[in-house]
>>> print(open('work_16.tsv').read())   # TSV, C-alpha atoms
chain	number	residue	atom	x	y	z
A	7	MET	CA	-54.01	52.21	90.08
A	8	HIS	CA	-52.02	49.19	91.19
A	9	ARG	CA	-53.94	47.22	88.59
A	10	TYR	CA	-52.72	49.39	85.73
A	11	ALA	CA	-49.18	50.27	86.74
A	12	ASN	CA	-47.71	46.90	85.88
A	13	PRO	CA	-49.78	46.00	82.81
A	14	ALA	CA	-48.68	49.26	81.14
A	15	ARG	CA	-45.07	48.21	81.59
A	16	PHE	CA	-45.87	44.72	80.37
A	17	LEU	CA	-47.48	46.10	77.22
A	18	ARG	CA	-44.39	48.17	76.44
A	19	LEU	CA	-42.12	45.20	77.09
A	20	ALA	CA	-44.30	42.89	75.01
A	21	LYS	CA	-44.17	45.28	72.09
A	22	ALA	CA	-40.37	45.41	72.27
A	23	ILE	CA	-39.83	41.65	72.64
A	24	LEU	CA	-42.47	40.31	70.22
A	25	PRO	CA	-40.58	40.87	66.92
A	26	TYR	CA	-37.48	39.17	68.34
A	27	SER	CA	-39.22	36.19	69.92
A	28	SER	CA	-41.34	35.51	66.84
A	29	GLY	CA	-38.37	35.94	64.48
A	30	LEU	CA	-36.27	33.65	66.63
A	31	ALA	CA	-39.05	31.03	66.72
A	32	VAL	CA	-39.28	31.00	62.90
A	33	LEU	CA	-35.50	30.74	62.51
A	34	LEU	CA	-34.98	28.05	65.14
A	35	LEU	CA	-37.98	25.93	64.13
A	36	GLY	CA	-37.14	26.27	60.42
A	37	SER	CA	-33.55	25.13	60.82
A	38	GLY	CA	-34.61	22.62	63.48
A	39	LEU	CA	-37.10	20.99	61.12
A	40	TRP	CA	-34.51	20.77	58.36
A	41	PHE	CA	-31.96	19.08	60.62
A	42	ALA	CA	-34.62	16.86	62.19
A	43	LEU	CA	-35.99	15.52	58.91
A	44	VAL	CA	-33.11	15.82	56.41
A	45	GLY	CA	-29.81	16.91	57.89
A	46	SER	CA	-29.33	14.25	60.58
A	47	PRO	CA	-28.63	10.51	60.39
A	48	ALA	CA	-31.21	7.81	61.14
A	49	ASP	CA	-30.74	5.83	64.34
A	50	TYR	CA	-28.88	2.54	63.92
A	51	GLN	CA	-31.50	0.67	65.95
A	52	GLN	CA	-34.73	2.58	65.42
A	53	GLY	CA	-34.14	3.84	61.87
A	54	ASP	CA	-36.06	6.93	60.79
A	55	SER	CA	-38.77	6.42	63.42
A	56	MET	CA	-36.55	8.12	65.99
A	57	ARG	CA	-36.96	11.40	64.10
A	58	ILE	CA	-40.22	11.63	66.07
A	59	MET	CA	-37.97	12.30	69.09
A	60	TYR	CA	-37.21	15.81	67.77
A	61	VAL	CA	-40.81	16.89	68.39
A	62	HIS	CA	-41.67	14.43	71.16
A	63	VAL	CA	-38.92	15.30	73.66
A	64	PRO	CA	-39.05	19.11	73.29
A	65	SER	CA	-42.86	18.92	73.63
A	66	ALA	CA	-42.49	16.93	76.84
A	67	TRP	CA	-39.98	19.47	78.19
A	68	MET	CA	-42.29	22.35	77.29
A	69	GLY	CA	-45.28	20.61	78.87
A	70	MET	CA	-43.35	20.55	82.14
A	71	VAL	CA	-41.64	23.96	81.79
A	72	CYS	CA	-44.99	25.66	81.14
A	73	TYR	CA	-46.50	23.93	84.16
A	74	VAL	CA	-43.67	24.98	86.47
A	75	ALA	CA	-44.00	28.55	85.16
A	76	MET	CA	-47.77	28.42	85.69
A	77	ALA	CA	-47.30	27.19	89.28
A	78	ILE	CA	-44.73	29.93	90.03
A	79	PHE	CA	-46.98	32.63	88.54
A	80	SER	CA	-49.89	31.20	90.57
A	81	ALA	CA	-47.86	31.33	93.79
A	82	MET	CA	-46.91	34.94	93.08
A	83	ALA	CA	-50.55	35.78	92.39
A	84	LEU	CA	-51.69	34.14	95.64
A	85	ILE	CA	-48.97	35.52	97.91
A	86	TRP	CA	-48.40	39.04	96.57
A	87	LYS	CA	-51.72	39.51	94.76
A	88	HIS	CA	-49.63	40.47	91.76
A	89	PRO	CA	-52.15	41.09	88.93
A	90	LEU	CA	-49.62	40.42	86.18
A	91	ALA	CA	-48.67	37.04	87.66
A	92	ASP	CA	-52.27	35.85	87.55
A	93	LEU	CA	-52.56	37.00	83.98
A	94	LEU	CA	-49.40	35.18	82.90
A	95	ALA	CA	-50.53	31.97	84.60
A	96	ARG	CA	-53.79	32.16	82.64
A	97	ALA	CA	-51.90	32.88	79.42
A	98	THR	CA	-49.49	29.95	79.85
A	99	ALA	CA	-52.07	27.20	80.43
A	100	PRO	CA	-53.30	26.67	76.84
A	101	VAL	CA	-49.73	26.58	75.50
A	102	GLY	CA	-48.68	24.02	78.09
A	103	ALA	CA	-51.76	21.95	77.34
A	104	ALA	CA	-50.98	22.02	73.61
A	105	PHE	CA	-47.40	20.83	74.16
A	106	THR	CA	-48.52	18.09	76.57
A	107	LEU	CA	-51.07	16.89	74.03
A	108	LEU	CA	-48.38	16.84	71.32
A	109	CYS	CA	-46.05	14.91	73.61
A	110	LEU	CA	-48.73	12.25	74.17
A	111	VAL	CA	-49.75	11.98	70.50
A	112	THR	CA	-46.21	11.90	69.08
A	113	GLY	CA	-45.19	9.46	71.81
A	114	SER	CA	-48.05	7.22	70.77
A	115	LEU	CA	-46.97	7.44	67.11
A	116	TRP	CA	-43.44	6.49	68.17
A	117	GLY	CA	-44.58	3.77	70.57
A	118	LYS	CA	-46.57	1.85	67.98
A	119	PRO	CA	-43.62	0.91	65.72
A	120	MET	CA	-41.05	0.59	68.55
A	121	TRP	CA	-43.00	-0.95	71.46
A	122	GLY	CA	-45.78	-2.50	69.41
A	123	THR	CA	-48.49	-0.53	71.22
A	124	TRP	CA	-50.04	2.93	71.02
A	125	TRP	CA	-50.41	3.20	74.80
A	126	VAL	CA	-49.44	1.50	78.05
A	127	TRP	CA	-50.58	2.48	81.53
A	128	ASP	CA	-47.08	2.86	82.90
A	129	ALA	CA	-45.80	5.54	85.26
A	130	ARG	CA	-44.32	7.95	82.70
A	131	LEU	CA	-47.25	7.87	80.28
A	132	THR	CA	-49.90	8.00	82.99
A	133	SER	CA	-48.28	10.91	84.86
A	134	MET	CA	-48.05	12.81	81.56
A	135	LEU	CA	-51.76	12.18	80.90
A	136	ILE	CA	-52.49	13.54	84.41
A	137	LEU	CA	-50.51	16.66	83.46
A	138	LEU	CA	-52.84	17.19	80.49
A	139	PHE	CA	-55.89	16.79	82.77
A	140	LEU	CA	-54.38	19.31	85.23
A	141	TYR	CA	-54.07	21.87	82.44
A	142	LEU	CA	-57.62	21.22	81.22
A	143	GLY	CA	-58.96	21.34	84.79
A	144	TYR	CA	-57.16	24.63	85.41
A	145	MET	CA	-58.57	26.19	82.24
A	146	ALA	CA	-62.11	25.04	83.06
A	147	LEU	CA	-61.84	26.22	86.68
A	148	ILE	CA	-60.63	29.79	86.05
A	149	ASP	CA	-63.66	30.47	83.88
A	150	ALA	CA	-66.17	28.65	86.09
A	151	PHE	CA	-66.93	31.61	88.41
A	152	ASP	CA	-68.87	34.80	87.75
A	153	ASP	CA	-66.21	36.67	89.67
A	154	PRO	CA	-62.94	36.28	87.71
A	155	GLU	CA	-60.89	36.86	90.87
A	156	ARG	CA	-62.42	33.83	92.55
A	157	GLY	CA	-61.72	31.80	89.42
A	158	SER	CA	-58.09	32.90	89.47
A	159	LYS	CA	-57.73	31.98	93.11
A	160	ALA	CA	-59.25	28.52	92.65
A	161	GLY	CA	-57.09	27.95	89.56
A	162	ALA	CA	-53.93	29.05	91.37
A	163	ILE	CA	-54.57	26.58	94.19
A	164	LEU	CA	-55.17	23.76	91.69
A	165	ALA	CA	-51.96	24.69	89.82
A	166	LEU	CA	-49.93	24.59	93.04
A	167	VAL	CA	-51.37	21.29	94.30
A	168	GLY	CA	-50.86	19.73	90.86
A	169	ALA	CA	-47.18	20.75	90.85
A	170	VAL	CA	-46.55	17.54	92.85
A	171	ASN	CA	-46.97	15.74	89.52
A	172	ILE	CA	-43.87	17.38	87.96
A	173	PRO	CA	-41.19	15.50	89.97
A	174	VAL	CA	-43.30	12.36	89.56
A	175	ILE	CA	-43.06	12.72	85.77
A	176	LYS	CA	-39.35	13.52	85.85
A	177	PHE	CA	-38.34	10.62	88.09
A	178	SER	CA	-41.01	8.11	87.01
A	179	VAL	CA	-38.52	6.34	84.75
A	180	ASP	CA	-36.15	5.87	87.72
A	181	TRP	CA	-38.69	5.04	90.43
A	182	TRP	CA	-40.73	2.46	88.55
A	183	ASN	CA	-40.11	-0.15	85.90
A	184	THR	CA	-41.50	1.36	82.74
A	185	LEU	CA	-41.39	0.77	79.03
A	186	HIS	CA	-40.22	4.34	78.59
A	187	GLN	CA	-36.46	4.82	78.31
A	188	PRO	CA	-34.65	6.83	81.03
A	189	ALA	CA	-33.31	10.34	80.46
A	190	SER	CA	-30.47	10.60	77.96
A	191	VAL	CA	-30.01	14.35	77.57
A	192	VAL	CA	-30.53	15.99	80.97
A	193	LYS	CA	-28.56	13.67	83.22
A	194	MET	CA	-25.42	13.41	85.33
A	195	GLY	CA	-22.23	13.13	83.32
A	196	GLY	CA	-23.57	14.97	80.26
A	197	PRO	CA	-25.85	13.91	77.45
A	198	ALA	CA	-25.55	10.38	76.04
A	199	ILE	CA	-26.57	11.38	72.56
A	200	ASP	CA	-24.55	12.01	69.39
A	201	PRO	CA	-23.93	15.71	68.54
A	202	SER	CA	-25.56	15.20	65.11
A	203	MET	CA	-28.79	14.31	66.92
A	204	LEU	CA	-28.36	16.76	69.78
A	205	LEU	CA	-28.28	19.73	67.36
A	206	PRO	CA	-31.81	19.29	65.90
A	207	LEU	CA	-33.11	18.42	69.36
A	208	LEU	CA	-31.76	21.66	70.87
A	209	LEU	CA	-32.87	23.76	67.89
A	210	MET	CA	-36.40	22.43	68.26
A	211	ALA	CA	-36.32	22.84	72.06
A	212	PHE	CA	-35.25	26.49	71.88
A	213	GLY	CA	-37.61	27.08	68.95
A	214	PHE	CA	-40.50	25.85	71.13
A	215	LYS	CA	-39.33	28.17	73.92
A	216	ALA	CA	-39.32	31.17	71.57
A	217	TYR	CA	-42.78	30.12	70.34
A	218	TRP	CA	-44.00	29.96	73.95
A	219	VAL	CA	-42.68	33.46	74.73
A	220	THR	CA	-44.39	34.79	71.59
A	221	VAL	CA	-47.77	33.25	72.38
A	222	LEU	CA	-47.45	34.20	76.06
A	223	LEU	CA	-46.94	37.86	75.16
A	224	LEU	CA	-49.89	37.81	72.74
A	225	ARG	CA	-52.21	36.10	75.23
A	226	GLY	CA	-50.99	38.43	77.98
A	227	ARG	CA	-52.02	41.40	75.84
A	228	ALA	CA	-55.43	39.80	75.25
A	229	GLU	CA	-55.90	39.23	79.01
A	230	ILE	CA	-55.00	42.85	79.79
A	231	ALA	CA	-57.44	44.11	77.16
A	232	ALA	CA	-60.17	41.83	78.57
A	233	GLN	CA	-59.56	43.19	82.07
A	234	LYS	CA	-59.80	46.80	80.90
A	235	ILE	CA	-62.97	46.01	78.94
A	236	ARG	CA	-64.49	44.55	82.10
A	237	VAL	CA	-63.63	47.67	84.13
A	238	LEU	CA	-65.02	50.00	81.45
A	239	ARG	CA	-68.24	47.98	81.11
A	240	LEU	CA	-68.74	48.08	84.88
A	241	ALA	CA	-68.17	51.86	84.89
A	242	GLN	CA	-70.70	52.17	82.07
A	243	VAL	CA	-73.34	50.20	83.96
A	244	HIS	CA	-72.59	52.22	87.10
A	245	ALA	CA	-72.85	55.54	85.25
A	246	SER	CA	-76.14	54.66	83.54
A	247	SER	CA	-77.70	53.45	86.81
A	248	GLN	CA	-76.74	56.73	88.51
A	249	GLY	CA	-78.03	58.78	85.63
A	250	GLU	CA	-81.58	57.47	86.06
B	22	MET	CA	-35.58	12.82	42.94
B	23	GLU	CA	-34.19	9.68	44.56
B	24	SER	CA	-33.42	11.49	47.80
B	25	LEU	CA	-36.82	13.18	47.81
B	26	HIS	CA	-38.43	9.77	47.56
B	27	ALA	CA	-36.31	8.54	50.46
B	28	LEU	CA	-37.37	11.57	52.51
B	29	PHE	CA	-41.06	10.80	51.97
B	30	ALA	CA	-40.58	7.10	52.68
B	31	MET	CA	-38.81	7.75	56.02
B	32	GLY	CA	-37.20	4.30	55.92
B	33	GLY	CA	-40.63	2.65	56.04
B	34	TYR	CA	-41.82	4.74	59.01
B	35	ALA	CA	-43.58	7.40	56.91
B	36	GLY	CA	-46.94	6.48	58.47
B	37	TYR	CA	-45.65	7.42	61.91
B	38	VAL	CA	-43.10	10.19	61.34
B	39	TRP	CA	-45.17	12.42	59.03
B	40	PRO	CA	-48.35	12.35	61.15
B	41	ALA	CA	-46.24	13.23	64.23
B	42	TYR	CA	-44.79	16.31	62.50
B	43	GLY	CA	-48.11	17.11	60.81
B	44	ILE	CA	-50.10	17.24	64.02
B	45	SER	CA	-47.39	19.30	65.71
B	46	VAL	CA	-47.56	21.92	62.96
B	47	VAL	CA	-51.38	21.93	63.02
B	48	VAL	CA	-51.72	22.24	66.82
B	49	LEU	CA	-49.05	24.92	67.26
B	50	THR	CA	-50.37	26.95	64.31
B	51	ALA	CA	-53.91	26.69	65.68
B	52	VAL	CA	-52.88	27.92	69.16
B	53	LEU	CA	-50.99	30.84	67.59
B	54	ALA	CA	-53.91	31.72	65.27
B	55	ILE	CA	-56.48	31.60	68.09
B	56	SER	CA	-54.25	33.78	70.30
B	57	LEU	CA	-53.71	36.32	67.50
B	58	ARG	CA	-57.41	36.54	66.72
B	59	GLN	CA	-58.24	37.00	70.40
B	60	VAL	CA	-55.72	39.86	70.78
B	61	ARG	CA	-57.00	41.64	67.68
B	62	ARG	CA	-60.64	41.26	68.66
B	63	ARG	CA	-60.22	42.39	72.27
B	64	GLU	CA	-57.92	45.30	71.51
B	65	ALA	CA	-60.37	46.51	68.84
B	66	GLU	CA	-63.26	46.24	71.32
B	67	LEU	CA	-61.25	48.14	73.94
B	68	GLU	CA	-60.39	50.84	71.42
B	69	GLN	CA	-64.08	51.20	70.56
B	70	LEU	CA	-65.15	51.40	74.23
B	71	GLN	CA	-62.49	53.98	75.02
B	72	GLY	CA	-63.41	55.96	71.93
B	73	ALA	CA	-67.10	56.01	72.94
B	74	ARG	CA	-66.13	57.10	76.46
B	75	ARG	CA	-63.98	59.97	75.19
B	76	GLY	CA	-66.73	61.04	72.80
B	77	ARG	CA	-69.32	61.07	75.58
B	78	ARG	CA	-67.04	63.01	77.93
B	79	ASN	CA	-66.29	65.65	75.30
B	80	GLY	CA	-69.98	65.93	74.50
B	81	ALA	CA	-70.88	66.31	78.18
B	82	ALA	CA	-68.22	69.00	78.68
B	83	GLY	CA	-69.54	70.92	75.67
B	84	ALA	CA	-73.11	70.80	76.96
B	85	GLY	CA	-72.09	71.90	80.45
B	86	SER	CA	-70.32	75.13	79.49
>>> encode(input="work_16.tsv", output="structure tokens")
Amino acid sequence: MHRYANPARFLRLAKAILPYSSGLAVLLLGSGLWFALVGSPADYQQGDSMRIMYVHVPSAWMGMVCYVAMAIFSAMALIWKHPLADLLARATAPVGAAFTLLCLVTGSLWGKPMWGTWWVWDARLTSMLILLFLYLGYMALIDAFDDPERGSKAGAILALVGAVNIPVIKFSVDWWNTLHQPASVVKMGGPAIDPSMLLPLLLMAFGFKAYWVTVLLLRGRAEIAAQKIRVLRLAQVHASSQGE
Amino acid sequence: MESLHALFAMGGYAGYVWPAYGISVVVLTAVLAISLRQVRRREAELEQLQGARRGRRNGAAGAGS
């Protein structure tokens, strides 16, 4: 019964939150896109190319936020055997992978005109590429076992070990000499960015968060349904083998 | 018209800015669409399984009495 008690509550909660999170995502991303592309000034050094920042930076944040969430869910699943935690870790991985991919691609599109190269093997870029591989490895691993519980356990351990990469990404621009610029928004002494540029950045960042919550709730529902289908199928097989 | 042209030109960086936004829209829409389809499919399958189970149980109860 332990398996069902929490998912039932999650399903109720998901139903209540979904209209708000999806509505909020549409509103924030709509206004964010307008400010990012039209309603904000071009940079005095980088011109309009810096508009890529409004998708690049929030994607990078989400790539890391999703990973931290996945690692916390994984720890909860390992320590307390919380079935919902495992399910949320599974549901978060593809979203985190998508944002990490977007961060890398948009960064490349920004790097070409500004640095003169699509890619360099420096600390920030390389650690971000490793983050993408961690997501992909996690997603491959959880489905690599016949027994889904063993897959979850292996995935959770990978997620926790890989969490070492998160501080490496964050501080890579301080620890090593890299082409990538240091943090200018989340830093001591407040953001070093003009309010006209901070507004679209924050709208996009919170829009991505609302999008994540929306997809997480949907994927959580799908995972719960899959689990119930598995249980019912097993019961069916059991019943038919007893009937003979 | 003039400003629309300027928007498309992106100060000469159109070839970088528009693909960056384009791929973001495509990837995020794809993840959302795949997730939605998965939910619909699995919840329909679950509904069907549960329906079949209820039907069988009712049938068995009727036969037993």
>>> interface_residues(input="work_16.tsv", of="chain B", to="chain A", cutoff="6 Å", atoms="all atoms listed in the file", output="list of chain:residue names")
B:Met31, B:Gly32, B:Tyr34, B:Tyr37, B:Val38, B:Ala41, B:Ser56, B:Val60, B:Arg63, B:Glu64, B:Leu67
>>> write_last_selection(input="work_16.tsv", atoms="C-alpha atoms", output="compact mmCIF listing (two decimals), in the frame of the given file")
# COMPACT_ATOMS: atom_id res chain seq x y z
CA MET B 31 -38.81 7.75 56.02
CA GLY B 32 -37.20 4.30 55.92
CA TYR B 34 -41.82 4.74 59.01
CA TYR B 37 -45.65 7.42 61.91
CA VAL B 38 -43.10 10.19 61.34
CA ALA B 41 -46.24 13.23 64.23
CA SER B 56 -54.25 33.78 70.30
CA VAL B 60 -55.72 39.86 70.78
CA ARG B 63 -60.22 42.39 72.27
CA GLU B 64 -57.92 45.30 71.51
CA LEU B 67 -61.25 48.14 73.94
>>> atom_distance(input="work_16.tsv", atom1="CA of Thr98 in chain A", atom2="CA of Phe177 in chain A")
23.8 Å
>>> residues_around(input="work_16.tsv", residues="Ala83 in chain A", least_positions_apart="4", cutoff="9 Å", atoms="only C-alpha atoms", output="compact mmCIF listing (two decimals) with C-alpha atoms, keeping the file's coordinate frame")
# COMPACT_ATOMS: atom_id res chain seq x y z
CA ILE A 78 -44.73 29.93 90.03
CA PHE A 79 -46.98 32.63 88.54
CA LYS A 87 -51.72 39.51 94.76
CA HIS A 88 -49.63 40.47 91.76
CA PRO A 89 -52.15 41.09 88.93
CA LEU A 90 -49.62 40.42 86.18
CA ALA A 91 -48.67 37.04 87.66
CA ASP A 92 -52.27 35.85 87.55
CA LEU A 93 -52.56 37.00 83.98
CA ALA A 95 -50.53 31.97 84.60
CA SER A 158 -58.09 32.90 89.47
CA LYS A 159 -57.73 31.98 93.11
CA ALA A 162 -53.93 29.05 91.37
>>> atom_distance(input="work_16.tsv", atom1="CA of Leu140 in chain A", atom2="CA of Gly168 in chain A")
6.7 Å
>>> atom_distance(input="work_16.tsv", atom1="CA of Phe139 in chain A", atom2="CA of Val191 in chain A")
26.5 Å
>>> residues_near_point(input="work_16.tsv", point="(-35.4, 24.2, 62.7)", cutoff="12 Å", atoms="only C-alpha atoms", output="PyMOL selection string")
chain A and resi 30-46+60-61+205-214+216
>>> decode(input="work_16.tsv", residues="range 122-154 of chain A", atoms="C-alpha atoms", output="PDB file, in the first residue's frame")
ATOM      1  CA  GLY A 122      35.836  33.062 -33.338  1.00  0.00           C
ATOM      2  CA  THR A 123      35.263  29.371 -32.589  1.00  0.00           C
ATOM      3  CA  TRP A 124      32.305  27.031 -32.140  1.00  0.00           C
ATOM      4  CA  TRP A 125      34.024  25.061 -29.380  1.00  0.00           C
ATOM      5  CA  VAL A 126      37.062  25.074 -27.112  1.00  0.00           C
ATOM      6  CA  TRP A 127      38.080  22.340 -24.684  1.00  0.00           C
ATOM      7  CA  ASP A 128      38.185  24.627 -21.684  1.00  0.00           C
ATOM      8  CA  ALA A 129      36.999  23.885 -18.158  1.00  0.00           C
ATOM      9  CA  ARG A 130      33.514  25.436 -18.351  1.00  0.00           C
ATOM     10  CA  LEU A 131      32.569  23.976 -21.721  1.00  0.00           C
ATOM     11  CA  THR A 132      34.028  20.554 -21.006  1.00  0.00           C
ATOM     12  CA  SER A 133      32.363  20.220 -17.585  1.00  0.00           C
ATOM     13  CA  MET A 134      29.037  21.190 -19.189  1.00  0.00           C
ATOM     14  CA  LEU A 135      29.520  18.509 -21.867  1.00  0.00           C
ATOM     15  CA  ILE A 136      30.191  15.992 -19.055  1.00  0.00           C
ATOM     16  CA  LEU A 137      26.883  17.074 -17.487  1.00  0.00           C
ATOM     17  CA  LEU A 138      25.090  16.156 -20.727  1.00  0.00           C
ATOM     18  CA  PHE A 139      26.811  12.741 -20.746  1.00  0.00           C
ATOM     19  CA  LEU A 140      25.796  12.200 -17.096  1.00  0.00           C
ATOM     20  CA  TYR A 141      22.151  12.803 -18.010  1.00  0.00           C
ATOM     21  CA  LEU A 142      22.358  10.494 -21.030  1.00  0.00           C
ATOM     22  CA  GLY A 143      24.163   7.832 -18.988  1.00  0.00           C
ATOM     23  CA  TYR A 144      21.520   8.057 -16.259  1.00  0.00           C
ATOM     24  CA  MET A 145      18.672   7.677 -18.756  1.00  0.00           C
ATOM     25  CA  ALA A 146      20.334   4.689 -20.439  1.00  0.00           C
ATOM     26  CA  LEU A 147      21.149   3.034 -17.095  1.00  0.00           C
ATOM     27  CA  ILE A 148      17.679   3.191 -15.499  1.00  0.00           C
ATOM     28  CA  ASP A 149      16.209   1.292 -18.440  1.00  0.00           C
ATOM     29  CA  ALA A 150      19.078  -1.177 -18.812  1.00  0.00           C
ATOM     30  CA  PHE A 151      17.771  -3.731 -16.263  1.00  0.00           C
ATOM     31  CA  ASP A 152      14.844  -6.133 -16.479  1.00  0.00           C
ATOM     32  CA  ASP A 153      14.015  -5.262 -12.904  1.00  0.00           C
ATOM     33  CA  PRO A 154      13.118  -1.532 -12.839  1.00  0.00           C
TER      34      PRO A 154
END
